[in-house]
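Trainee: So here's entry_35.cif (mmCIF, C-alpha atoms, pLDDT in the B column; chains and numbers go by the auth columns).
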data_final
loop_
_atom_site.group_PDB
_atom_site.id
_atom_site.type_symbol
_atom_site.label_atom_id
_atom_site.label_comp_id
_atom_site.label_asym_id
_atom_site.label_seq_id
_atom_site.Cartn_x
_atom_site.Cartn_y
_atom_site.Cartn_z
_atom_site.B_iso_or_equiv
_atom_site.auth_seq_id
_atom_site.auth_asym_id
ATOM 1 C CA MET A 1 -17.087 -12.976 -38.457 95.00 1 A
ATOM 2 C CA ARG A 2 -18.096 -10.109 -36.203 97.00 2 A
ATOM 3 C CA LEU A 3 -21.510 -10.930 -34.773 98.00 3 A
ATOM 4 C CA VAL A 4 -24.318 -9.436 -32.720 98.00 4 A
ATOM 5 C CA ILE A 5 -26.687 -11.826 -30.923 97.00 5 A
ATOM 6 C CA ALA A 6 -30.193 -10.877 -29.777 97.00 6 A
ATOM 7 C CA GLU A 7 -31.874 -13.529 -27.615 95.00 7 A
ATOM 8 C CA ASP A 8 -33.887 -12.910 -24.447 92.00 8 A
ATOM 9 C CA SER A 9 -33.120 -16.349 -22.958 91.00 9 A
ATOM 10 C CA VAL A 10 -29.924 -15.835 -20.994 93.00 10 A
ATOM 11 C CA LEU A 11 -28.952 -19.506 -21.200 91.00 11 A
ATOM 12 C CA LEU A 12 -29.377 -19.714 -24.968 91.00 12 A
ATOM 13 C CA ARG A 13 -27.724 -16.334 -25.492 94.00 13 A
ATOM 14 C CA GLU A 14 -24.649 -17.275 -23.482 94.00 14 A
ATOM 15 C CA GLY A 15 -24.558 -20.676 -25.144 93.00 15 A
ATOM 16 C CA LEU A 16 -24.518 -19.066 -28.577 94.00 16 A
ATOM 17 C CA VAL A 17 -21.769 -16.679 -27.535 96.00 17 A
ATOM 18 C CA ARG A 18 -19.586 -19.521 -26.292 95.00 18 A
ATOM 19 C CA LEU A 19 -20.257 -21.702 -29.340 94.00 19 A
ATOM 20 C CA LEU A 20 -19.495 -18.968 -31.846 96.00 20 A
ATOM 21 C CA GLU A 21 -16.388 -17.736 -30.070 96.00 21 A
ATOM 22 C CA GLU A 22 -15.069 -21.287 -29.854 95.00 22 A
ATOM 23 C CA GLU A 23 -15.483 -21.442 -33.642 94.00 23 A
ATOM 24 C CA GLY A 24 -13.244 -18.395 -33.984 95.00 24 A
ATOM 25 C CA HIS A 25 -15.904 -15.735 -34.476 96.00 25 A
ATOM 26 C CA ARG A 26 -16.070 -12.497 -32.504 97.00 26 A
ATOM 27 C CA VAL A 27 -19.321 -11.638 -30.736 97.00 27 A
ATOM 28 C CA VAL A 28 -19.172 -7.859 -30.415 97.00 28 A
ATOM 29 C CA ALA A 29 -22.496 -7.656 -28.539 97.00 29 A
ATOM 30 C CA ALA A 30 -25.075 -10.000 -27.018 97.00 30 A
ATOM 31 C CA VAL A 31 -28.372 -8.390 -26.016 97.00 31 A
ATOM 32 C CA GLY A 32 -31.808 -9.384 -24.783 95.00 32 A
ATOM 33 C CA ASP A 33 -34.202 -7.119 -26.687 94.00 33 A
ATOM 34 C CA ALA A 34 -34.777 -5.689 -30.164 93.00 34 A
ATOM 35 C CA GLU A 35 -34.100 -2.059 -29.265 94.00 35 A
ATOM 36 C CA ALA A 36 -30.658 -2.953 -27.949 96.00 36 A
ATOM 37 C CA LEU A 37 -30.030 -5.037 -31.085 96.00 37 A
ATOM 38 C CA LEU A 38 -30.648 -2.064 -33.371 96.00 38 A
ATOM 39 C CA ALA A 39 -28.429 0.162 -31.245 96.00 39 A
ATOM 40 C CA ARG A 40 -25.549 -2.323 -31.192 97.00 40 A
ATOM 41 C CA VAL A 41 -25.739 -2.881 -34.953 97.00 41 A
ATOM 42 C CA ASP A 42 -25.618 0.891 -35.509 96.00 42 A
ATOM 43 C CA GLU A 43 -22.600 1.013 -33.217 96.00 43 A
ATOM 44 C CA HIS A 44 -20.604 -1.975 -34.481 96.00 44 A
ATOM 45 C CA THR A 45 -21.879 -2.689 -38.042 95.00 45 A
ATOM 46 C CA PRO A 46 -21.229 -6.438 -37.681 97.00 46 A
ATOM 47 C CA ASP A 47 -20.984 -8.973 -40.475 97.00 47 A
ATOM 48 C CA ALA A 48 -24.100 -10.791 -39.270 97.00 48 A
ATOM 49 C CA VAL A 49 -26.725 -10.879 -36.537 97.00 49 A
ATOM 50 C CA VAL A 50 -28.539 -13.811 -34.948 97.00 50 A
ATOM 51 C CA VAL A 51 -31.951 -12.729 -33.662 95.00 51 A
ATOM 52 C CA ASP A 52 -34.927 -14.379 -31.974 93.00 52 A
ATOM 53 C CA VAL A 53 -38.379 -13.601 -33.439 88.00 53 A
ATOM 54 C CA ARG A 54 -40.203 -13.146 -30.130 86.00 54 A
ATOM 55 C CA MET A 55 -38.555 -10.744 -27.716 87.00 55 A
ATOM 56 C CA PRO A 56 -39.509 -8.296 -24.930 86.00 56 A
ATOM 57 C CA PRO A 57 -41.651 -6.472 -24.144 85.00 57 A
ATOM 58 C CA THR A 58 -44.599 -8.287 -25.771 84.00 58 A
ATOM 59 C CA HIS A 59 -42.805 -11.439 -26.972 83.00 59 A
ATOM 60 C CA THR A 60 -44.655 -11.353 -30.295 81.00 60 A
ATOM 61 C CA ASP A 61 -42.716 -10.097 -33.307 84.00 61 A
ATOM 62 C CA GLU A 62 -40.199 -7.558 -31.981 88.00 62 A
ATOM 63 C CA GLY A 63 -37.247 -9.545 -33.245 89.00 63 A
ATOM 64 C CA LEU A 64 -38.743 -9.954 -36.699 85.00 64 A
ATOM 65 C CA ARG A 65 -39.533 -6.256 -37.040 87.00 65 A
ATOM 66 C CA ALA A 66 -35.976 -5.461 -35.978 91.00 66 A
ATOM 67 C CA ALA A 67 -34.642 -7.936 -38.554 89.00 67 A
ATOM 68 C CA LEU A 68 -36.717 -6.354 -41.331 86.00 68 A
ATOM 69 C CA ARG A 69 -35.521 -2.884 -40.303 90.00 69 A
ATOM 70 C CA LEU A 70 -31.929 -4.081 -40.395 92.00 70 A
ATOM 71 C CA ARG A 71 -32.466 -5.373 -43.932 87.00 71 A
ATOM 72 C CA THR A 72 -33.389 -1.800 -44.898 88.00 72 A
ATOM 73 C CA ASP A 73 -30.931 0.205 -42.783 92.00 73 A
ATOM 74 C CA HIS A 74 -27.982 -2.211 -43.006 93.00 74 A
ATOM 75 C CA PRO A 75 -28.426 -4.293 -46.190 90.00 75 A
ATOM 76 C CA ASP A 76 -24.832 -5.555 -45.974 93.00 76 A
ATOM 77 C CA VAL A 77 -25.429 -7.135 -42.558 95.00 77 A
ATOM 78 C CA ALA A 78 -26.551 -10.755 -42.848 95.00 78 A
ATOM 79 C CA VAL A 79 -29.541 -11.747 -40.683 94.00 79 A
ATOM 80 C CA LEU A 80 -30.195 -15.214 -39.278 94.00 80 A
ATOM 81 C CA VAL A 81 -33.588 -15.403 -37.547 92.00 81 A
ATOM 82 C CA LEU A 82 -34.334 -18.017 -34.896 91.00 82 A
ATOM 83 C CA SER A 83 -37.866 -19.057 -33.975 87.00 83 A
ATOM 84 C CA GLN A 84 -39.444 -21.597 -31.670 83.00 84 A
ATOM 85 C CA TYR A 85 -42.266 -22.175 -34.134 75.00 85 A
ATOM 86 C CA VAL A 86 -42.892 -22.049 -37.876 71.00 86 A
ATOM 87 C CA GLU A 87 -44.437 -18.642 -38.468 69.00 87 A
ATOM 88 C CA ARG A 88 -45.427 -18.507 -42.129 68.00 88 A
ATOM 89 C CA ARG A 89 -45.963 -14.755 -42.459 69.00 89 A
ATOM 90 C CA TYR A 90 -42.535 -13.995 -41.030 66.00 90 A
ATOM 91 C CA ALA A 91 -40.660 -16.346 -43.328 66.00 91 A
ATOM 92 C CA VAL A 92 -42.508 -15.172 -46.441 69.00 92 A
ATOM 93 C CA GLU A 93 -41.965 -11.520 -45.481 71.00 93 A
ATOM 94 C CA LEU A 94 -38.235 -12.114 -45.233 70.00 94 A
ATOM 95 C CA LEU A 95 -38.192 -13.853 -48.611 65.00 95 A
ATOM 96 C CA THR A 96 -40.341 -11.214 -50.269 62.00 96 A
ATOM 97 C CA GLY A 97 -37.633 -8.637 -49.633 63.00 97 A
ATOM 98 C CA ALA A 98 -34.038 -9.208 -50.707 64.00 98 A
ATOM 99 C CA PRO A 99 -33.467 -12.891 -49.796 64.00 99 A
ATOM 100 C CA GLU A 100 -29.685 -12.620 -50.090 78.00 100 A
ATOM 101 C CA GLY A 101 -27.985 -12.818 -46.714 88.00 101 A
ATOM 102 C CA VAL A 102 -31.124 -13.997 -44.885 89.00 102 A
ATOM 103 C CA GLY A 103 -31.864 -17.151 -42.921 88.00 103 A
ATOM 104 C CA TYR A 104 -34.759 -18.535 -40.860 88.00 104 A
ATOM 105 C CA LEU A 105 -34.098 -21.501 -38.578 89.00 105 A
ATOM 106 C CA LEU A 106 -36.067 -23.233 -35.883 88.00 106 A
ATOM 107 C CA LYS A 107 -34.335 -23.117 -32.510 86.00 107 A
ATOM 108 C CA ASP A 108 -34.110 -26.899 -32.459 82.00 108 A
ATOM 109 C CA ARG A 109 -31.669 -26.546 -35.338 77.00 109 A
ATOM 110 C CA VAL A 110 -29.194 -24.821 -33.018 79.00 110 A
ATOM 111 C CA ALA A 111 -28.720 -28.192 -31.317 79.00 111 A
ATOM 112 C CA GLN A 112 -27.470 -29.474 -34.669 85.00 112 A
ATOM 113 C CA VAL A 113 -24.264 -27.474 -34.346 90.00 113 A
ATOM 114 C CA GLU A 114 -22.804 -28.173 -37.786 89.00 114 A
ATOM 115 C CA GLU A 115 -26.069 -27.291 -39.553 86.00 115 A
ATOM 116 C CA PHE A 116 -26.434 -24.080 -37.550 92.00 116 A
ATOM 117 C CA LEU A 117 -22.867 -22.985 -38.262 93.00 117 A
ATOM 118 C CA GLU A 118 -23.197 -23.877 -41.939 91.00 118 A
ATOM 119 C CA ALA A 119 -26.384 -21.804 -42.197 90.00 119 A
ATOM 120 C CA LEU A 120 -24.709 -18.841 -40.509 94.00 120 A
ATOM 121 C CA GLU A 121 -21.714 -19.075 -42.838 93.00 121 A
ATOM 122 C CA ARG A 122 -24.038 -19.285 -45.852 90.00 122 A
ATOM 123 C CA VAL A 123 -26.022 -16.151 -45.034 92.00 123 A
ATOM 124 C CA SER A 124 -22.837 -14.262 -44.200 93.00 124 A
ATOM 125 C CA ARG A 125 -21.640 -15.008 -47.746 91.00 125 A
ATOM 126 C CA GLY A 126 -24.837 -13.547 -49.189 88.00 126 A
ATOM 127 C CA GLY A 127 -26.772 -16.788 -49.512 84.00 127 A
ATOM 128 C CA ALA A 128 -30.046 -17.887 -47.929 83.00 128 A
ATOM 129 C CA ALA A 129 -30.736 -20.553 -45.320 85.00 129 A
ATOM 130 C CA PHE A 130 -34.279 -21.666 -44.548 82.00 130 A
ATOM 131 C CA ASP A 131 -35.018 -24.553 -42.212 83.00 131 A
ATOM 132 C CA PRO A 132 -36.358 -27.627 -44.077 79.00 132 A
ATOM 133 C CA GLU A 133 -39.273 -27.865 -41.648 77.00 133 A
ATOM 134 C CA VAL A 134 -40.154 -24.220 -42.293 73.00 134 A
ATOM 135 C CA VAL A 135 -40.202 -24.903 -46.025 71.00 135 A
ATOM 136 C CA ARG A 136 -42.383 -28.009 -45.579 71.00 136 A
ATOM 137 C CA ARG A 137 -44.875 -26.093 -43.425 69.00 137 A
ATOM 138 C CA LEU A 138 -44.993 -23.256 -45.937 64.00 138 A
ATOM 139 C CA LEU A 139 -45.680 -25.719 -48.720 60.00 139 A
ATOM 140 C CA ALA A 140 -48.437 -27.374 -46.696 61.00 140 A
ATOM 141 C CA GLY A 141 -50.008 -23.975 -46.048 55.00 141 A
ATOM 142 C CA THR A 142 -50.222 -22.833 -49.650 53.00 142 A
ATOM 143 C CA THR A 143 -53.612 -22.945 -51.361 50.00 143 A
ATOM 144 C CA ARG A 144 -52.319 -22.655 -54.890 50.00 144 A
ATOM 145 C CA THR A 145 -52.454 -25.833 -56.940 49.00 145 A
ATOM 146 C CA ASP A 146 -51.386 -24.446 -60.308 58.00 146 A
ATOM 147 C CA PRO A 147 -48.643 -24.422 -61.553 65.00 147 A
ATOM 148 C CA LEU A 148 -47.334 -26.380 -58.546 74.00 148 A
ATOM 149 C CA ALA A 149 -49.521 -29.300 -59.577 77.00 149 A
ATOM 150 C CA ARG A 150 -47.640 -29.433 -62.876 81.00 150 A
ATOM 151 C CA LEU A 151 -44.324 -30.218 -61.182 87.00 151 A
ATOM 152 C CA THR A 152 -43.045 -33.774 -61.005 89.00 152 A
ATOM 153 C CA PRO A 153 -42.136 -35.187 -57.563 89.00 153 A
ATOM 154 C CA ARG A 154 -38.437 -34.735 -58.339 92.00 154 A
ATOM 155 C CA GLU A 155 -38.980 -31.137 -59.459 92.00 155 A
ATOM 156 C CA ARG A 156 -40.809 -30.431 -56.194 89.00 156 A
ATOM 157 C CA ASP A 157 -37.879 -31.958 -54.295 91.00 157 A
ATOM 158 C CA VAL A 158 -35.463 -29.694 -56.144 93.00 158 A
ATOM 159 C CA LEU A 159 -37.649 -26.617 -55.556 91.00 159 A
ATOM 160 C CA GLU A 160 -37.945 -27.436 -51.852 88.00 160 A
ATOM 161 C CA HIS A 161 -34.157 -27.506 -51.578 90.00 161 A
ATOM 162 C CA MET A 162 -33.924 -24.252 -53.535 89.00 162 A
ATOM 163 C CA ALA A 163 -36.258 -22.708 -50.956 84.00 163 A
ATOM 164 C CA GLN A 164 -33.795 -23.722 -48.239 85.00 164 A
ATOM 165 C CA GLY A 165 -31.173 -21.599 -49.991 84.00 165 A
ATOM 166 C CA LEU A 166 -29.049 -24.465 -51.290 88.00 166 A
ATOM 167 C CA SER A 167 -26.903 -24.131 -54.399 89.00 167 A
ATOM 168 C CA ASN A 168 -27.267 -26.466 -57.377 93.00 168 A
ATOM 169 C CA THR A 169 -24.182 -28.379 -56.265 93.00 169 A
ATOM 170 C CA ALA A 170 -25.552 -28.823 -52.743 92.00 170 A
ATOM 171 C CA ILE A 171 -28.908 -29.971 -54.135 94.00 171 A
ATOM 172 C CA SER A 172 -27.230 -32.590 -56.312 94.00 172 A
ATOM 173 C CA GLU A 173 -25.378 -33.903 -53.264 93.00 173 A
ATOM 174 C CA ARG A 174 -28.526 -33.999 -51.098 92.00 174 A
ATOM 175 C CA LEU A 175 -30.633 -35.738 -53.741 94.00 175 A
ATOM 176 C CA TYR A 176 -27.846 -37.996 -55.080 93.00 176 A
ATOM 177 C CA VAL A 177 -28.325 -36.852 -58.662 93.00 177 A
ATOM 178 C CA SER A 178 -25.947 -35.249 -61.139 93.00 178 A
ATOM 179 C CA LEU A 179 -25.483 -31.500 -61.346 93.00 179 A
ATOM 180 C CA SER A 180 -26.747 -31.505 -64.914 92.00 180 A
ATOM 181 C CA ALA A 181 -29.926 -33.282 -63.771 92.00 181 A
ATOM 182 C CA VAL A 182 -30.518 -30.601 -61.146 94.00 182 A
ATOM 183 C CA GLU A 183 -30.040 -27.872 -63.773 93.00 183 A
ATOM 184 C CA LYS A 184 -32.534 -29.611 -66.094 93.00 184 A
ATOM 185 C CA HIS A 185 -35.103 -29.852 -63.279 92.00 185 A
ATOM 186 C CA ILE A 186 -34.653 -26.159 -62.441 93.00 186 A
ATOM 187 C CA ASN A 187 -35.092 -25.125 -66.082 90.00 187 A
ATOM 188 C CA ALA A 188 -38.239 -27.258 -66.220 90.00 188 A
ATOM 189 C CA ILE A 189 -39.538 -25.480 -63.097 91.00 189 A
ATOM 190 C CA PHE A 190 -38.883 -22.096 -64.695 88.00 190 A
ATOM 191 C CA ASP A 191 -40.749 -23.177 -67.823 86.00 191 A
ATOM 192 C CA LYS A 192 -43.762 -24.482 -65.881 85.00 192 A
ATOM 193 C CA PHE A 193 -43.871 -21.255 -63.868 83.00 193 A
ATOM 194 C CA ASP A 194 -43.590 -19.201 -67.089 79.00 194 A
ATOM 195 C CA LEU A 195 -40.478 -17.428 -65.843 79.00 195 A
ATOM 196 C CA ALA A 196 -38.639 -16.060 -68.857 72.00 196 A
ATOM 197 C CA ARG A 197 -34.898 -15.371 -68.702 73.00 197 A
ATOM 198 C CA THR A 198 -34.215 -11.700 -67.862 63.00 198 A
ATOM 199 C CA HIS A 199 -31.690 -9.509 -66.065 60.00 199 A
ATOM 200 C CA GLU A 200 -34.430 -7.585 -64.245 53.00 200 A
ATOM 201 C CA TYR A 201 -35.162 -10.213 -61.586 59.00 201 A
ATOM 202 C CA SER A 202 -33.996 -13.558 -60.236 74.00 202 A
ATOM 203 C CA ARG A 203 -36.040 -16.446 -61.636 81.00 203 A
ATOM 204 C CA ARG A 204 -34.778 -18.576 -58.772 83.00 204 A
ATOM 205 C CA VAL A 205 -36.235 -16.198 -56.172 78.00 205 A
ATOM 206 C CA LEU A 206 -39.541 -15.861 -58.009 76.00 206 A
ATOM 207 C CA ALA A 207 -39.847 -19.638 -58.294 82.00 207 A
ATOM 208 C CA VAL A 208 -39.339 -19.993 -54.551 79.00 208 A
ATOM 209 C CA LEU A 209 -41.912 -17.288 -53.821 72.00 209 A
ATOM 210 C CA ARG A 210 -44.486 -19.057 -55.969 72.00 210 A
ATOM 211 C CA PHE A 211 -43.631 -22.313 -54.235 71.00 211 A
ATOM 212 C CA LEU A 212 -44.373 -20.673 -50.888 65.00 212 A
ATOM 213 C CA GLY A 213 -47.720 -19.420 -52.150 58.00 213 A
ATOM 214 C CA ASP A 214 -46.824 -15.742 -51.911 45.00 214 A
#
What does the file become when written as structure tokens?
Mentor:
Amino acid sequence: MRLVIAEDSVLLREGLVRLLEEEGHRVVAAVGDAEALLARVDEHTPDAVVVDVRMPPTHTDEGLRAALRLRTDHPDVAVLVLSQYVERRYAVELLTGAPEGVGYLLKDRVAQVEEFLEALERVSRGGAAFDPEVVRRLLAGTTRTDPLARLTPRERDVLEHMAQGLSNTAISERLYVSLSAVEKHINAIFDKFDLARTHEYSRRVLAVLRFLGD
């Protein structure tokens, strides 16, 4: 992949560059602020970007706003957001748009090299990758009890893994159940959420959004 990295910590930025290049990817630019990120993406049109949420000058949400702008201006560029903390509004805002090719990981996950690389590969292929801890915090923060309260514990497990961006096959492997069982649980979730089959929207995405309390 051709990548652009935006991270204001020089040590982490250089570490990411080295890691990704050792894996055979090409880092076409590595910058320290959101403005430079947007400029480099306009210049190089990479396959994916890795961006920190909090960047100069205010270290609040510059990286997130840049990521959301990229989703509009460059919808074919995958975006993997890194954050030090679970920031509910940011994750939900990313999901509320087009969730394909989007990921949100905690920075601690970068230390888990295989998981980080797998998440980056997934979003570059048009999938989604949301940190399990982010999903758990989002679930804990929701105030809606219905229809979530109607789900069985196993259905909630399946929905939590769906929110991480995992495929049915990956969910069956994580939960040690058959693929057909996963499909039955997902259909049950759709029924309990009153999500009818249609070509106008993705029931999977809508189920995740309801799970996150959006």
Trainee: Report as a list in words the residues that result from applying the PyMOL selection byres ((chain A and resi 169-171) around 12) to the structure here.
Mentor: Arg122, Arg154, Glu155, Asp157, Val158, Leu159, Glu160, His161, Met162, Ala163, Gln164, Gly165, Leu166, Ser167, Asn168, Ser172, Glu173, Arg174, Leu175, Tyr176, Val177, Ser178, Leu179, Ser180, Ala181, Val182, Glu183, His185 and Ile186 of chain A
Trainee: Keeping only C-alpha atoms, write the selected residues to a file as a compact mmCIF listing (two decimals), keeping the file's coordinate frame.
Mentor:
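Okay, selection_3.txt is ready:
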# COMPACT_ATOMS: atom_id res chain seq x y z
CA ARG A 122 -24.04 -19.28 -45.85
CA ARG A 154 -38.44 -34.74 -58.34
CA GLU A 155 -38.98 -31.14 -59.46
CA ASP A 157 -37.88 -31.96 -54.30
CA VAL A 158 -35.46 -29.69 -56.14
CA LEU A 159 -37.65 -26.62 -55.56
CA GLU A 160 -37.94 -27.44 -51.85
CA HIS A 161 -34.16 -27.51 -51.58
CA MET A 162 -33.92 -24.25 -53.54
CA ALA A 163 -36.26 -22.71 -50.96
CA GLN A 164 -33.80 -23.72 -48.24
CA GLY A 165 -31.17 -21.60 -49.99
CA LEU A 166 -29.05 -24.46 -51.29
CA SER A 167 -26.90 -24.13 -54.40
CA ASN A 168 -27.27 -26.47 -57.38
CA SER A 172 -27.23 -32.59 -56.31
CA GLU A 173 -25.38 -33.90 -53.26
CA ARG A 174 -28.53 -34.00 -51.10
CA LEU A 175 -30.63 -35.74 -53.74
CA TYR A 176 -27.85 -38.00 -55.08
CA VAL A 177 -28.32 -36.85 -58.66
CA SER A 178 -25.95 -35.25 -61.14
CA LEU A 179 -25.48 -31.50 -61.35
CA SER A 180 -26.75 -31.50 -64.91
CA ALA A 181 -29.93 -33.28 -63.77
CA VAL A 182 -30.52 -30.60 -61.15
CA GLU A 183 -30.04 -27.87 -63.77
CA HIS A 185 -35.10 -29.85 -63.28
CA ILE A 186 -34.65 -26.16 -62.44
Trainee: Applied to the shown file, which residues does the PyMOL selection byres ((chain A and resi 46) around 10) return, written as number ranges by chain?
Mentor: A: 1-4, 26-29, 40-45, 47-49, 74, 76-78
Trainee: Identify which of the residues A:Pro132, A:Ile5, A:Pro153, A:His59 lies closest to A:Glu115, counting only C-alpha atoms when measuring atom-to-atom distances.
Mentor: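 Nearest to A:Glu115: A:Pro132.
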Trainee: Would you mind telling me which residue in A:Ala188, A:Leu64, A:Val102, A:Val134 lies nearest to A:Tyr85 when using only C-alpha atoms?
Mentor: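 For A:Tyr85, the nearest of the given residues is A:Val134.
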Trainee: I'd like the interatomic distance between atom CA of A:Leu82 and atom CA of A:Leu105, to a tenth of an Å.
Mentor: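 According to the coordinates, atom CA of A:Leu82 and atom CA of A:Leu105 are separated by 5.1 Å.
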Trainee: Using all atoms listed in the file, which of A:Thr72, A:Thr152, A:Gln84, A:Ser202 sits nearest A:Thr60?
Mentor: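 Residue with the minimum atom-to-atom distance to A:Thr60: A:Gln84.
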Trainee: Calculate how many Å separate atom CA of A:Leu120 from atom CA of A:Arg203, rounding to one decimal.
Mentor: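 Answer for the atom CA of A:Leu120 to atom CA of A:Arg203 separation: 24.1 Å.
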Trainee: Would you write out, as an NGL selection string, every residue that the PyMOL selection byres ((chain A and resi 62) around 12) captures in this file?
Mentor: :A and (6-8 or 32-38 or 51-61 or 63-69 or 81 or 83 or 90)
Trainee: Expressed in Å to a single decimal, how great is the separation between atom CA of A:Ala119 and atom CA of A:Leu94?
Mentor: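 These atoms are spaced 15.6 Å apart.
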